>>> print(open('protein-v7.cif').read())   # mmCIF, C-alpha atoms
data_target
#
loop_
_atom_site.label_atom_id
_atom_site.label_comp_id
_atom_site.auth_asym_id
_atom_site.auth_seq_id
_atom_site.Cartn_x
_atom_site.Cartn_y
_atom_site.Cartn_z
CA MET A 217 -22.23 108.20 28.18
CA LYS A 218 -25.95 108.56 28.66
CA VAL A 219 -27.51 105.92 30.90
CA THR A 220 -31.23 105.21 30.63
CA LEU A 221 -33.08 102.85 32.94
CA ARG A 222 -36.64 102.01 31.96
CA ARG A 223 -39.02 100.05 34.16
CA GLU A 224 -41.44 97.95 32.16
CA PRO A 225 -43.71 95.60 34.16
CA GLY A 226 -43.29 91.99 33.02
CA ALA A 227 -40.39 92.79 30.67
CA GLU A 228 -37.29 90.58 30.44
CA LYS A 229 -34.12 92.21 31.77
CA GLU A 230 -32.18 93.45 28.78
CA ILE A 231 -29.15 95.63 28.18
CA VAL A 232 -28.87 97.37 24.84
CA VAL A 233 -25.70 99.34 24.14
CA ARG A 234 -26.06 101.86 21.31
CA TYR A 235 -22.85 103.16 19.84
CA ASP A 236 -21.46 104.72 16.74
CA VAL A 237 -17.81 103.68 17.15
CA MET A 238 -16.47 100.83 19.30
CA ASP A 239 -14.28 103.05 21.45
CA ASP A 240 -12.53 102.44 24.79
CA GLU A 241 -15.60 103.46 26.74
CA VAL A 242 -17.80 100.86 25.05
CA HIS A 243 -15.04 98.28 25.40
CA ALA A 244 -14.76 98.96 29.12
CA LEU A 245 -18.52 98.68 29.55
CA LEU A 246 -18.65 95.35 27.71
CA GLU A 247 -15.70 94.00 29.70
CA LEU A 248 -17.48 94.95 32.89
CA LEU A 249 -20.66 93.23 31.75
CA SER A 250 -18.76 90.15 30.59
CA LEU A 251 -17.24 89.69 34.05
CA ARG A 252 -20.75 89.96 35.53
CA GLU A 253 -21.84 87.25 33.09
CA LYS A 254 -18.75 85.23 34.03
CA ARG A 255 -17.30 85.47 30.57
CA LEU A 256 -14.13 87.24 29.53
CA ALA A 257 -14.22 89.90 26.85
CA VAL A 258 -11.11 89.66 24.68
CA ASP A 259 -9.75 91.43 21.67
CA ASP A 260 -9.86 89.02 18.74
CA GLY A 261 -8.09 90.85 15.94
CA GLY A 262 -9.91 94.10 16.58
CA ALA A 263 -13.29 92.49 17.21
CA LEU A 264 -14.71 91.87 20.64
CA ARG A 265 -15.19 88.22 21.59
CA LEU A 266 -16.55 86.67 24.76
CA LEU A 267 -14.62 83.67 26.04
CA ASP A 268 -16.17 81.11 28.34
CA PRO A 269 -13.81 80.46 31.27
CA PRO A 270 -13.37 76.72 30.46
CA GLU A 271 -11.82 77.80 27.14
CA ILE A 272 -9.09 79.74 28.92
CA LEU A 273 -5.93 77.90 29.98
CA TYR A 274 -4.34 80.83 31.78
CA CYS A 275 -4.03 84.59 31.76
CA GLU A 276 -0.72 86.37 31.84
CA SER A 277 0.35 89.93 32.43
CA VAL A 278 3.21 91.14 30.20
CA ASP A 279 4.41 94.75 30.25
CA ASP A 280 1.15 96.10 31.75
CA HIS A 281 -0.94 94.20 29.20
CA THR A 282 -3.02 91.15 30.04
CA TYR A 283 -3.41 88.21 27.69
CA ALA A 284 -5.71 85.18 27.78
CA TYR A 285 -4.27 81.93 26.44
CA THR A 286 -6.58 79.32 24.96
CA ALA A 287 -5.94 76.19 22.92
CA SER A 288 -6.71 78.20 19.78
CA GLY A 289 -4.71 81.35 20.43
CA VAL A 290 -3.71 84.32 22.51
CA PHE A 291 -6.05 87.26 23.05
CA GLY A 292 -5.58 90.68 24.60
CA VAL A 293 -7.74 91.44 27.63
CA GLY A 294 -8.68 94.84 28.99
CA GLN A 295 -8.99 93.64 32.59
CA THR A 296 -6.15 93.36 35.06
CA LEU A 297 -4.89 89.98 36.17
CA SER A 298 -6.17 90.62 39.70
CA ALA A 299 -9.67 91.45 38.42
CA ILE A 300 -9.79 88.27 36.33
CA ALA A 301 -8.49 86.05 39.14
CA GLU A 302 -11.01 87.55 41.54
CA ALA A 303 -14.00 87.44 39.16
CA PHE A 304 -13.34 83.83 38.11
CA THR A 305 -12.21 82.39 41.44
CA GLN A 306 -15.36 80.30 41.78
CA LEU A 307 -14.82 78.96 38.26
CA GLY A 308 -11.40 77.56 39.15
CA PHE A 309 -9.02 80.43 38.44
CA LEU A 310 -6.09 80.93 40.76
CA ARG A 311 -3.18 83.34 40.82
CA CYS A 312 -0.13 81.11 40.39
CA SER A 313 2.57 83.77 40.14
CA LYS A 314 2.93 87.54 40.14
CA SER A 315 2.19 87.63 36.42
CA MET A 316 -0.10 84.66 35.87
CA ALA A 317 -3.55 83.30 36.80
CA VAL A 318 -4.25 79.70 35.82
CA ASN A 319 -7.48 77.83 35.21
CA LEU A 320 -7.18 74.84 37.54
CA HIS A 321 -9.47 72.82 35.29
CA ALA A 322 -6.94 73.22 32.47
CA ILE A 323 -4.20 71.56 34.52
CA GLU A 324 -3.50 68.00 33.43
CA ALA A 325 -0.85 67.15 35.99
CA LEU A 326 1.12 68.65 38.84
CA LYS A 327 4.65 67.92 39.90
CA SER A 328 6.25 68.84 43.18
CA GLY A 329 9.40 70.92 42.81
CA ASP A 330 12.22 71.74 45.16
CA ASN A 331 11.73 74.44 47.80
CA GLY A 332 7.95 74.18 47.75
CA ARG A 333 7.41 75.18 44.13
CA ILE A 334 5.01 73.29 41.89
CA PHE A 335 5.20 72.57 38.16
CA ALA A 336 1.92 72.30 36.27
CA THR A 337 1.34 70.70 32.89
CA LEU A 338 -1.60 72.25 31.05
CA ALA A 339 -4.03 70.64 28.64
CA ASN A 340 -2.06 71.99 25.67
CA GLY A 341 1.17 70.47 26.96
CA GLU A 342 2.60 73.77 28.22
CA HIS A 343 4.43 73.77 31.52
CA ILE A 344 4.04 76.57 34.03
CA LEU A 345 5.67 77.18 37.38
CA VAL A 346 3.68 77.94 40.50
CA SER A 347 5.99 80.02 42.64
CA ARG A 348 6.54 79.18 46.30
CA ARG A 349 4.62 82.29 47.31
CA TYR A 350 1.49 81.03 45.53
CA ALA A 351 2.03 77.27 45.96
CA LYS A 352 0.39 77.27 49.40
CA ALA A 353 -2.73 78.92 47.97
CA LEU A 354 -2.86 76.21 45.28
CA ARG A 355 -2.49 73.43 47.84
CA ASP A 356 -5.21 74.96 50.03
CA ARG A 357 -7.51 75.45 47.06
CA LEU A 358 -7.13 71.85 45.90
CA LYS A 359 -7.88 70.67 49.42
CA GLY A 360 -11.02 72.79 49.39
CA GLU A 361 -9.84 75.21 52.06
CA MET B 94 20.54 96.63 53.35
CA LYS B 95 18.83 94.90 50.43
CA TRP B 96 21.64 92.37 50.03
CA PHE B 97 21.53 91.66 53.76
CA ARG B 98 17.79 90.97 53.59
CA LYS B 99 18.32 88.66 50.62
CA LEU B 100 21.12 86.84 52.42
CA TYR B 101 19.00 86.58 55.57
CA VAL B 102 16.01 85.11 53.69
CA TRP B 103 18.32 82.73 51.85
CA SER B 104 19.86 81.63 55.15
CA MET B 105 16.41 81.03 56.60
CA ASN B 106 15.46 78.94 53.57
CA ILE B 107 18.44 76.62 53.88
CA LYS B 108 18.56 76.50 57.68
CA LEU B 109 16.92 73.08 57.89
CA TYR B 110 19.32 71.54 55.41
CA MET B 111 22.26 73.22 57.15
CA ALA B 112 21.12 71.79 60.49
CA PHE B 113 20.83 68.37 58.88
CA TYR B 114 24.31 68.55 57.39
CA PHE B 115 25.68 69.84 60.67
CA PHE B 116 24.21 66.80 62.40
CA ILE B 117 25.80 64.45 59.82
CA ILE B 118 29.25 66.05 60.13
CA ALA B 119 29.13 66.36 63.93
CA PHE B 120 27.92 62.75 64.21
CA ALA B 121 30.75 61.48 61.98
CA MET B 122 33.33 63.51 63.88
CA GLY B 123 31.85 62.33 67.18
CA ILE B 124 32.17 58.69 66.14
CA VAL B 125 35.81 59.22 65.11
CA GLU B 126 36.44 60.98 68.42
CA LEU B 127 34.83 58.17 70.42
CA ILE B 128 36.75 55.43 68.59
CA SER B 129 39.94 57.40 69.18
CA GLY B 130 39.27 57.41 72.90
CA GLY B 131 38.01 61.00 73.26
CA ASP B 132 34.59 62.28 74.27
CA SER B 133 34.40 65.93 73.20
CA LEU B 134 34.61 68.30 70.22
CA LYS B 135 36.01 71.82 70.40
CA LEU B 136 33.60 74.73 70.09
CA LEU B 137 35.82 76.20 67.38
CA THR B 138 35.58 72.92 65.42
CA LEU B 139 31.79 73.10 65.68
CA LEU B 140 31.86 76.63 64.24
CA GLU B 141 34.10 75.40 61.41
CA MET B 142 31.58 72.63 60.77
CA ALA B 143 28.85 75.28 60.50
CA LEU B 144 30.98 77.00 57.87
CA ALA B 145 31.27 73.73 55.91
CA CYS B 146 27.47 73.28 56.17
CA THR B 147 26.96 76.78 54.73
CA VAL B 148 29.15 75.83 51.77
CA ILE B 149 27.16 72.62 51.21
CA GLY B 150 23.87 74.57 51.46
CA LEU B 151 25.11 77.22 49.06
CA MET B 152 26.12 74.60 46.52
CA GLN B 153 22.76 72.91 46.94
CA ILE B 154 20.97 76.16 46.06
CA VAL B 155 23.23 76.69 43.04
CA LEU B 156 23.37 73.15 41.68
CA LEU B 157 20.10 71.59 42.84
CA ASN B 158 17.74 74.47 42.19
CA ASP B 159 13.98 74.35 41.68
CA SER B 160 14.11 72.87 38.21
CA VAL B 161 15.63 69.62 39.47
CA ASP B 162 13.43 66.63 38.75
CA TYR B 163 14.26 63.55 40.80
CA SER B 164 11.62 61.37 39.19
CA LYS B 165 14.17 59.89 36.77
CA GLY B 166 16.66 59.12 39.51
CA ILE B 167 19.13 60.83 41.78
CA VAL B 168 22.23 60.27 39.68
CA PHE B 169 22.67 63.06 37.16
CA GLY B 170 25.36 65.61 36.40
CA ARG B 171 24.46 68.27 38.94
CA SER B 172 23.62 65.85 41.76
CA VAL B 173 26.94 64.05 41.31
CA ALA B 174 28.70 67.43 41.22
CA TRP B 175 26.93 68.52 44.42
CA VAL B 176 27.83 65.35 46.34
CA ALA B 177 31.43 65.41 45.08
CA LEU B 178 31.98 69.15 45.63
CA SER B 179 30.29 69.13 49.06
CA THR B 180 32.38 66.19 50.21
CA GLY B 181 35.51 67.78 48.73
CA ALA B 182 34.76 71.16 50.35
CA THR B 183 34.12 69.60 53.77
CA VAL B 184 37.28 67.50 53.57
CA GLY B 185 39.08 70.68 52.51
CA VAL B 186 37.74 72.54 55.55
CA ALA B 187 38.71 69.58 57.76
CA LEU B 188 42.27 69.61 56.38
CA LEU B 189 42.49 73.41 56.56
CA PHE B 190 41.49 73.55 60.22
CA GLY B 191 43.18 70.27 61.21
CA TRP B 192 40.09 68.44 62.46
CA PHE B 193 41.86 65.10 62.20
CA THR B 194 45.26 66.13 63.48
CA GLY B 195 46.38 63.47 65.94
CA TYR B 196 43.68 61.02 64.86
CA PRO B 197 44.36 57.65 63.16
CA ALA B 198 45.12 57.75 59.40
CA TRP B 199 41.87 55.99 58.50
CA SER B 200 39.71 58.69 60.14
CA LEU B 201 39.72 61.23 57.28
CA PRO B 202 38.90 58.71 54.47
CA ALA B 203 36.22 57.16 56.71
CA PHE B 204 34.76 60.61 57.41
CA ALA B 205 34.72 61.42 53.66
CA ALA B 206 33.05 58.09 52.85
CA PHE B 207 30.42 58.64 55.54
CA LEU B 208 29.71 62.12 54.21
CA LEU B 209 29.51 60.83 50.64
CA ILE B 210 26.97 58.18 51.62
CA SER B 211 24.97 60.60 53.79
CA LEU B 212 24.67 63.20 51.03
CA THR B 213 23.64 60.52 48.53
CA LEU B 214 20.98 59.33 50.96
CA THR B 215 19.84 62.96 51.31
CA LEU B 216 19.23 63.03 47.54
CA LEU B 217 17.28 59.80 47.85
CA GLY B 218 15.18 61.38 50.62
CA LEU B 219 14.50 64.44 48.44
CA LYS B 220 13.41 62.12 45.61
CA PHE B 221 11.03 60.17 47.86
CA GLU B 222 9.61 63.41 49.29
CA GLN B 223 9.08 64.91 45.83
CA GLU B 224 7.41 61.76 44.49
CA ALA B 225 5.06 61.46 47.45
CA ASP B 226 4.12 65.14 47.19
CA THR B 227 3.47 64.81 43.44
CA VAL B 228 1.07 61.90 44.05
CA TYR B 229 -0.68 63.90 46.79
CA LEU B 230 -1.01 66.99 44.59
CA ASN B 231 -2.47 65.07 41.65
CA GLU B 232 -4.91 63.23 43.89
CA ASN B 233 -6.13 66.57 45.26
CA LEU B 234 -6.34 67.99 41.71
CA ARG B 235 -8.48 65.02 40.64
CA LYS B 236 -10.82 65.49 43.63
CA PHE B 237 -11.03 69.25 42.97
CA LYS B 238 -12.06 68.69 39.34
CA GLN B 239 -14.67 66.14 40.36
CA LYS B 240 -16.19 68.48 42.94
CA GLN B 241 -16.49 71.48 40.62
#
>>> encode(input="protein-v7.cif", output="structure tokens")
Amino acid sequence: MKVTLRREPGAEKEIVVRYDVMDDEVHALLELLSLREKRLAVDDGGALRLLDPPEILYCESVDDHTYAYTASGVFGVGQTLSAIAEAFTQLGFLRCSKSMAVNLHAIEALKSGDNGRIFATLANGEHILVSRRYAKALRDRLKGE
Amino acid sequence: MKWFRKLYVWSMNIKLYMAFYFFIIAFAMGIVELISGGDSLKLLTLLEMALACTVIGLMQIVLLNDSVDYSKGIVFGRSVAWVALSTGATVGVALLFGWFTGYPAWSLPAFAAFLLISLTLTLLGLKFEQEADTVYLNENLRKFKQKQ
């Protein structure tokens, strides 16, 4: 891919991506830019869509594929779960198990479980389990530590 | 080696409960011993008690696993099964190793009743702990959402 940087005094910062076919390389570039813009690029039936983090309930990794779950549907994501959790930490995302990162703002209620585990009820009524390994991180995060 | 590691981690996880149950059983046996005019328990009996505590802990892991919700009460199928089976297993161990041989006839039923009540109170303690933690978690969640 050819990269051109042009300095124009007084010009607004702008990124223009020229492409013939929306291939993996363009996808990867847009996903990278979306993380920088604190939005998540997802595959919406073949078209690229940018999700605002508050829309996302949680992200899950299934068989080496990552999916973002919103109230309106499930979307494939090109990024890894770790990359999403790290990029959106400040926006309230937290790794809650080996295969899941949850948006803390999407949690309606929490319930203490046995052996240090925590059950979370999401805005759409779904229940997820925060494993003991990640429960401490959740507790610390909620306390602001 | 993998199974040993798993067993070791499991043992570590239930060690507090095992210690608690050991205290309950040793206390009950101690009271029976005192009333009967004695003032000591055999080391072998203590080891047998530890075995009974392992059985109780194992059944707790199996029957009262992480999905148990005490918010609706402590009396439900698996909790009743745990209390009954734990009491039964401990009484079985006591009979097997003759803990009450030479003691008055009332000592074994009294020991079983004490154990039954203690385990039920343990469930009540777990319920109170879970409820308090749930309130604490939701309060922190509310504060977190307000701050962000």
>>> closest_residue(input="protein-v7.cif", among="B:Leu156, B:Tyr196, B:Ala119, B:Ile149", to="chain A", atoms="all atoms listed in the file")
B:Leu156
>>> residues_near_point(input="protein-v7.cif", point="(-5.5, 82.8, 46.7)", cutoff="9 Å", atoms="all atoms listed in the file", output="list in words")
Ala301, Glu302, Thr305, Leu310, Arg311, Cys312, Tyr350, Lys352, Ala353, Leu354, Asp356 and Arg357 of chain A
>>> closest_atom_pairs(input="protein-v7.cif", of="chain A", to="chain B", cutoff="6 Å", atoms="all atoms listed in the file", output="CSV")
residue,atom,partner,partner_atom,distance
A:Leu326,CA,B:Asn231,CA,5.8
A:Lys327,CA,B:Thr227,CA,4.9
A:Ser328,CA,B:Thr227,CA,4.9
A:Gly329,CA,B:Asp159,CA,5.8
A:Asp330,CA,B:Asp159,CA,4.7
A:Leu358,CA,B:Asn233,CA,5.4
>>> residues_around(input="protein-v7.cif", residues="range 282-289 of chain A", least_positions_apart="3", cutoff="10 Å", atoms="only C-alpha atoms", output="PyMOL selection string")
chain A and resi 256-260+267+269-279+292-297+300+315-318+322+339-341
>>> resolve_selection(input="protein-v7.cif", expression="the PyMOL selection byres ((chain B and resi 184) around 12)", output="MDAnalysis selection string")
chainID B and resid 118 122 141:142 145:146 148:149 177:183 185:193 200:209
>>> atom_distance(input="protein-v7.cif", atom1="CA of Ala325 in chain A", atom2="CA of Leu345 in chain A")
12.0 Å
>>> closest_residue(input="protein-v7.cif", among="A:Pro225, A:Glu342, A:Leu264, A:Gln306", to="His243 in chain A", atoms="only C-alpha atoms")
A:Leu264
>>> axis_aligned_box(input="protein-v7.cif", around="range 199-212 of chain B", padding_each_side="6 Å", output="JSON")
{"center_x": 33.3, "center_y": 59.6, "center_z": 55.4, "size_x": 29.2, "size_y": 19.2, "size_z": 21.5}
>>> resolve_selection(input="protein-v7.cif", expression="the PyMOL selection byres ((chain B and resi 215) around 12)", output="mmCIF file with C-alpha atoms, keeping the file's coordinate frame")
data_model
loop_
_atom_site.group_PDB
_atom_site.id
_atom_site.type_symbol
_atom_site.label_atom_id
_atom_site.label_comp_id
_atom_site.auth_asym_id
_atom_site.auth_seq_id
_atom_site.Cartn_x
_atom_site.Cartn_y
_atom_site.Cartn_z
ATOM 1 C CA TYR B 110 19.320 71.540 55.410
ATOM 2 C CA PHE B 113 20.830 68.370 58.880
ATOM 3 C CA TYR B 114 24.310 68.550 57.390
ATOM 4 C CA ILE B 117 25.800 64.450 59.820
ATOM 5 C CA GLN B 153 22.760 72.910 46.940
ATOM 6 C CA TYR B 163 14.260 63.550 40.800
ATOM 7 C CA ILE B 167 19.130 60.830 41.780
ATOM 8 C CA SER B 172 23.620 65.850 41.760
ATOM 9 C CA TRP B 175 26.930 68.520 44.420
ATOM 10 C CA VAL B 176 27.830 65.350 46.340
ATOM 11 C CA LEU B 208 29.710 62.120 54.210
ATOM 12 C CA LEU B 209 29.510 60.830 50.640
ATOM 13 C CA ILE B 210 26.970 58.180 51.620
ATOM 14 C CA SER B 211 24.970 60.600 53.790
ATOM 15 C CA LEU B 212 24.670 63.200 51.030
ATOM 16 C CA THR B 213 23.640 60.520 48.530
ATOM 17 C CA LEU B 214 20.980 59.330 50.960
ATOM 18 C CA LEU B 216 19.230 63.030 47.540
ATOM 19 C CA LEU B 217 17.280 59.800 47.850
ATOM 20 C CA GLY B 218 15.180 61.380 50.620
ATOM 21 C CA LEU B 219 14.500 64.440 48.440
ATOM 22 C CA LYS B 220 13.410 62.120 45.610
ATOM 23 C CA PHE B 221 11.030 60.170 47.860
ATOM 24 C CA GLU B 222 9.610 63.410 49.290
#
>>> atom_distance(input="protein-v7.cif", atom1="CA of Asp239 in chain A", atom2="CA of Ala303 in chain A")
23.6 Å
>>> atom_distance(input="protein-v7.cif", atom1="CA of Ile231 in chain A", atom2="CA of Leu246 in chain A")
10.5 Å
>>> resolve_selection(input="protein-v7.cif", expression="the PyMOL selection byres ((chain A and resi 218) around 12)", output="short mmCIF file (atom, residue, chain, number, x, y, z; two decimals) with C-alpha atoms, in the frame of the given file")
data_model
loop_
_atom_site.label_atom_id
_atom_site.label_comp_id
_atom_site.auth_asym_id
_atom_site.auth_seq_id
_atom_site.Cartn_x
_atom_site.Cartn_y
_atom_site.Cartn_z
CA MET A 217 -22.23 108.20 28.18
CA VAL A 219 -27.51 105.92 30.90
CA THR A 220 -31.23 105.21 30.63
CA LEU A 221 -33.08 102.85 32.94
CA VAL A 233 -25.70 99.34 24.14
CA ARG A 234 -26.06 101.86 21.31
CA TYR A 235 -22.85 103.16 19.84
CA GLU A 241 -15.60 103.46 26.74
CA VAL A 242 -17.80 100.86 25.05
#
>>> decode(input="protein-v7.cif", residues="range 230-294 of chain A", atoms="C-alpha atoms", output="PDB file, in the first residue's frame")
ATOM      1  CA  GLU A 230      -7.739  14.415   7.029  1.00  0.00           C
ATOM      2  CA  ILE A 231      -7.260  10.786   6.074  1.00  0.00           C
ATOM      3  CA  VAL A 232      -8.456   9.688   2.660  1.00  0.00           C
ATOM      4  CA  VAL A 233      -8.224   6.003   1.814  1.00  0.00           C
ATOM      5  CA  ARG A 234      -8.398   5.281  -1.913  1.00  0.00           C
ATOM      6  CA  TYR A 235      -9.171   1.718  -2.866  1.00  0.00           C
ATOM      7  CA  ASP A 236     -10.545  -0.342  -5.676  1.00  0.00           C
ATOM      8  CA  VAL A 237     -11.695  -3.370  -3.668  1.00  0.00           C
ATOM      9  CA  MET A 238     -12.409  -3.505   0.073  1.00  0.00           C
ATOM     10  CA  ASP A 239      -9.815  -6.159   0.816  1.00  0.00           C
ATOM     11  CA  ASP A 240      -8.244  -7.357   4.084  1.00  0.00           C
ATOM     12  CA  GLU A 241      -5.563  -4.687   3.930  1.00  0.00           C
ATOM     13  CA  VAL A 242      -8.099  -1.856   3.758  1.00  0.00           C
ATOM     14  CA  HIS A 243     -10.169  -3.534   6.462  1.00  0.00           C
ATOM     15  CA  ALA A 244      -7.158  -3.770   8.757  1.00  0.00           C
ATOM     16  CA  LEU A 245      -6.307  -0.116   8.148  1.00  0.00           C
ATOM     17  CA  LEU A 246      -9.856   1.009   8.948  1.00  0.00           C
ATOM     18  CA  GLU A 247      -9.968  -1.145  12.074  1.00  0.00           C
ATOM     19  CA  LEU A 248      -6.730   0.419  13.220  1.00  0.00           C
ATOM     20  CA  LEU A 249      -8.084   3.906  12.597  1.00  0.00           C
ATOM     21  CA  SER A 250     -11.385   3.101  14.301  1.00  0.00           C
ATOM     22  CA  LEU A 251      -9.579   2.076  17.492  1.00  0.00           C
ATOM     23  CA  ARG A 252      -7.665   5.376  17.357  1.00  0.00           C
ATOM     24  CA  GLU A 253     -11.013   7.157  17.051  1.00  0.00           C
ATOM     25  CA  LYS A 254     -12.358   5.016  19.901  1.00  0.00           C
ATOM     26  CA  ARG A 255     -14.896   3.324  17.706  1.00  0.00           C
ATOM     27  CA  LEU A 256     -15.036  -0.316  16.750  1.00  0.00           C
ATOM     28  CA  ALA A 257     -15.065  -1.338  13.108  1.00  0.00           C
ATOM     29  CA  VAL A 258     -17.363  -4.320  12.617  1.00  0.00           C
ATOM     30  CA  ASP A 259     -18.529  -6.412   9.726  1.00  0.00           C
ATOM     31  CA  ASP A 260     -22.212  -5.693   9.169  1.00  0.00           C
ATOM     32  CA  GLY A 261     -23.270  -8.179   6.513  1.00  0.00           C
ATOM     33  CA  GLY A 262     -20.231  -7.535   4.354  1.00  0.00           C
ATOM     34  CA  ALA A 263     -20.221  -3.773   4.863  1.00  0.00           C
ATOM     35  CA  LEU A 264     -17.972  -1.991   7.292  1.00  0.00           C
ATOM     36  CA  ARG A 265     -19.715  -0.225  10.165  1.00  0.00           C
ATOM     37  CA  LEU A 266     -18.290   1.799  13.023  1.00  0.00           C
ATOM     38  CA  LEU A 267     -19.835   1.113  16.415  1.00  0.00           C
ATOM     39  CA  ASP A 268     -19.675   3.604  19.252  1.00  0.00           C
ATOM     40  CA  PRO A 269     -18.537   1.821  22.432  1.00  0.00           C
ATOM     41  CA  PRO A 270     -21.750   2.629  24.380  1.00  0.00           C
ATOM     42  CA  GLU A 271     -23.647   0.578  21.774  1.00  0.00           C
ATOM     43  CA  ILE A 272     -21.607  -2.521  22.583  1.00  0.00           C
ATOM     44  CA  LEU A 273     -22.749  -4.780  25.423  1.00  0.00           C
ATOM     45  CA  TYR A 274     -19.798  -7.137  25.277  1.00  0.00           C
ATOM     46  CA  CYS A 275     -17.285  -8.722  22.941  1.00  0.00           C
ATOM     47  CA  GLU A 276     -16.667 -12.426  22.807  1.00  0.00           C
ATOM     48  CA  SER A 277     -14.026 -14.607  21.251  1.00  0.00           C
ATOM     49  CA  VAL A 278     -15.317 -17.853  19.720  1.00  0.00           C
ATOM     50  CA  ASP A 279     -13.040 -20.213  17.779  1.00  0.00           C
ATOM     51  CA  ASP A 280     -10.427 -17.509  17.039  1.00  0.00           C
ATOM     52  CA  HIS A 281     -13.103 -15.082  15.842  1.00  0.00           C
ATOM     53  CA  THR A 282     -14.192 -12.028  17.799  1.00  0.00           C
ATOM     54  CA  TYR A 283     -17.779 -10.823  17.903  1.00  0.00           C
ATOM     55  CA  ALA A 284     -19.340  -7.628  19.248  1.00  0.00           C
ATOM     56  CA  TYR A 285     -22.794  -7.961  20.802  1.00  0.00           C
ATOM     57  CA  THR A 286     -25.162  -5.013  20.755  1.00  0.00           C
ATOM     58  CA  ALA A 287     -28.869  -4.682  21.503  1.00  0.00           C
ATOM     59  CA  SER A 288     -29.531  -4.867  17.754  1.00  0.00           C
ATOM     60  CA  GLY A 289     -27.313  -7.774  16.771  1.00  0.00           C
ATOM     61  CA  VAL A 290     -24.012  -9.577  16.635  1.00  0.00           C
ATOM     62  CA  PHE A 291     -21.156  -8.360  14.452  1.00  0.00           C
ATOM     63  CA  GLY A 292     -17.820  -9.857  13.497  1.00  0.00           C
ATOM     64  CA  VAL A 293     -14.749  -7.878  14.541  1.00  0.00           C
ATOM     65  CA  GLY A 294     -11.271  -8.070  13.055  1.00  0.00           C
TER      66      GLY A 294
END
